[in-house]
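**Q** Take a look at this one; I'll ask things after.
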Amino acid sequence: MMIKIAKPSDLHDFDVTPESVYLSRRRFMGGVAGLGAGLALSGNVRANADYSDVPEGSPPGWLKEKISATQWKAVTPGDPEKDTLTPFDDASGYNNFYEFGSGKTDPARRAGSLKTEPWSVVVDGEVNKGGRFSLEDIAKPSQFEERIYRLRCVEAWSMVIPWLGIPLAEVIKRAEPTSKANYVRFETLVDPEQMPGQRSSFSLIDWPYVEGLRMDEAMHPLTLLAMGMYGRELPNQNGAPLRLVVPWKYGFKSIKSIVRISLVEEQPVNSWQLIAPDEYGFYANVNPEVDHPRWSQATERRLPNSLFRTNTMDTLMFNGYADDVAELYAGLDLRKHY
Ligand code: MTE
């Protein structure tokens, strides 16, 4: 996330991927192109993706089993030419995860110190069946699904990522929310020993990193709790072992390494809203018509890009998911509620 950028040109921190490498990656990933004819949420479409180049992880046994029983469901809507999968190296090498530093390559270099096993998540607040649950208990009753989604960062870069996980709605339903549960609030782990960015006195964030959703957004079928990507478990830098993915919102809503899910009555204040409320709102819906105060949101740089090929494309309303989610915001002034 960028804060206090001197000039708009600073946004163009091009990856220096040589074009030959970039083109061969594109060919490799080309197999998934053409599947994007609408969200097949009710279908059973397996992405024809070849993950043989993706380094193997070492998931615990239960997670390995869940991953191998994945149901291949929704694919990204859109343009088969443009919406090819982002290579794994880019998705796991260019990250925002301030707990490990503010540089894009800091998380991949430093997140090895995060211990993701054992992991537990507290579900509390306005629920009848709260408690502390192991990650396995959270995952066990649900079928893993693969969802290929666009990820659009508020900084105006984007990727297309195949996530593995379960609908957040299933976890919420199991907790039996009370009638006062209007919002869901999420927290990331706080442990400066494991997360060097939390030791920095220059950090803007008042830890823990916090995010929130309105209840209907949290219950929406597109909203995913991811435990894997590219056919394997999540790399630490991508938010292992459990992260949120809300594809129609700017990437900062997709909170990583979640340890607490609270059902609450009042609208939570999320971390970036707390830091710069005139720049980052609660809703953070992708919207090409509402610019960030310091840069345009009309276009995005799809990664990987290079000096030779900037790979710029128009940003779509709700990141291309308007057919699925626009009705959630009927009557809401999206300029005011950015
Ligand atoms: N979650 C936590 N806990 N800390 C963070 O710094 N960064 C957010 C989001 N989730 C962040 C976070 C931002 S700004 C973005 S764009 C996405 O994670 C990036 O996800 P990625 O690195 O997997 O692409």
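We label chains A, B, ... in the order they appear in the structure tokens, count residues from 1 in each chain, and number ligands from 1 in the order shown.
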Select the residues contacting ligand 1 at a distance of at most 7 Å, based on only C-alpha atoms and all ligand atoms, then format the selection as an MDAnalysis selection string.

**A** chainID A and resid 1 91:92 94:99 153:154 188 209 237:239 250:257

**Q** Run DSSP on the backbone and give me the residues of segment 184-316 of chain A it puts in strand (DSSP E or B), as a PyMOL selection string.

**A** chain A and resi 184-188+210-214+224-229+232-233+243-245+249+258-264+285+292+295+299-302+312-314

**Q** Do you know which residues are at most 12 Å from Asp291 of chain A counting only C-alpha atoms, after dropping those on the same chain fewer than 3 positions away, and could you put them as a PDB file with C-alpha atoms, in the first residue's frame?

**A**
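New file out.pdb:
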```pdb
ATOM      1  CA  VAL A 154      -5.438   0.021  -4.826  1.00  0.00           C
ATOM      2  CA  GLU A 155      -1.920   0.914  -6.028  1.00  0.00           C
ATOM      3  CA  ALA A 156      -3.109   0.127  -9.592  1.00  0.00           C
ATOM      4  CA  ASP A 278      -9.461  10.400   3.119  1.00  0.00           C
ATOM      5  CA  GLU A 279      -7.596   7.898   0.913  1.00  0.00           C
ATOM      6  CA  TYR A 280      -8.821   4.461   1.975  1.00  0.00           C
ATOM      7  CA  ALA A 284     -12.849  -0.249  -1.069  1.00  0.00           C
ATOM      8  CA  ASN A 285     -14.856  -1.534  -4.016  1.00  0.00           C
ATOM      9  CA  VAL A 286     -12.813  -1.476  -7.215  1.00  0.00           C
ATOM     10  CA  ASN A 287     -14.168   1.553  -9.075  1.00  0.00           C
ATOM     11  CA  PRO A 288     -12.530   3.108 -12.140  1.00  0.00           C
ATOM     12  CA  ARG A 294      -3.239  10.997  -5.614  1.00  0.00           C
ATOM     13  CA  TRP A 295      -3.663   8.806  -8.713  1.00  0.00           C
ATOM     14  CA  SER A 296      -6.185   7.572 -11.246  1.00  0.00           C
ATOM     15  CA  GLN A 297      -7.986   4.260 -10.781  1.00  0.00           C
ATOM     16  CA  ALA A 298      -9.137   4.117 -14.430  1.00  0.00           C
ATOM     17  CA  THR A 299      -6.412   1.702 -15.549  1.00  0.00           C
ATOM     18  CA  THR A 315      -9.983  -1.259 -14.725  1.00  0.00           C
ATOM     19  CA  LEU A 334     -20.035   4.977  -4.092  1.00  0.00           C
ATOM     20  CA  ARG A 335     -18.185   8.320  -4.196  1.00  0.00           C
ATOM     21  CA  LYS A 336     -18.937   8.888  -0.555  1.00  0.00           C
ATOM     22  CA  TYR A 338     -15.195   4.578  -1.287  1.00  0.00           C
TER      23      TYR A 338
END
```

**Q** Considering only C-alpha atoms, state which residue in the set A:Glu217, A:Glu266, A:Asp323, A:Glu126 is at the smallest distance from Ser179 of chain A.

**A** A:Glu126

**Q** Using DSSP secondary structure from the backbone, list all helix (DSSP H, G or I) positions within segment 84-332 of chain A, as a PyMOL selection string.

**A** chain A and resi 88-91+98-100+106-113+135-139+168-175+196-199+215-218+236-238+251-253+271-275+317-320+322-329
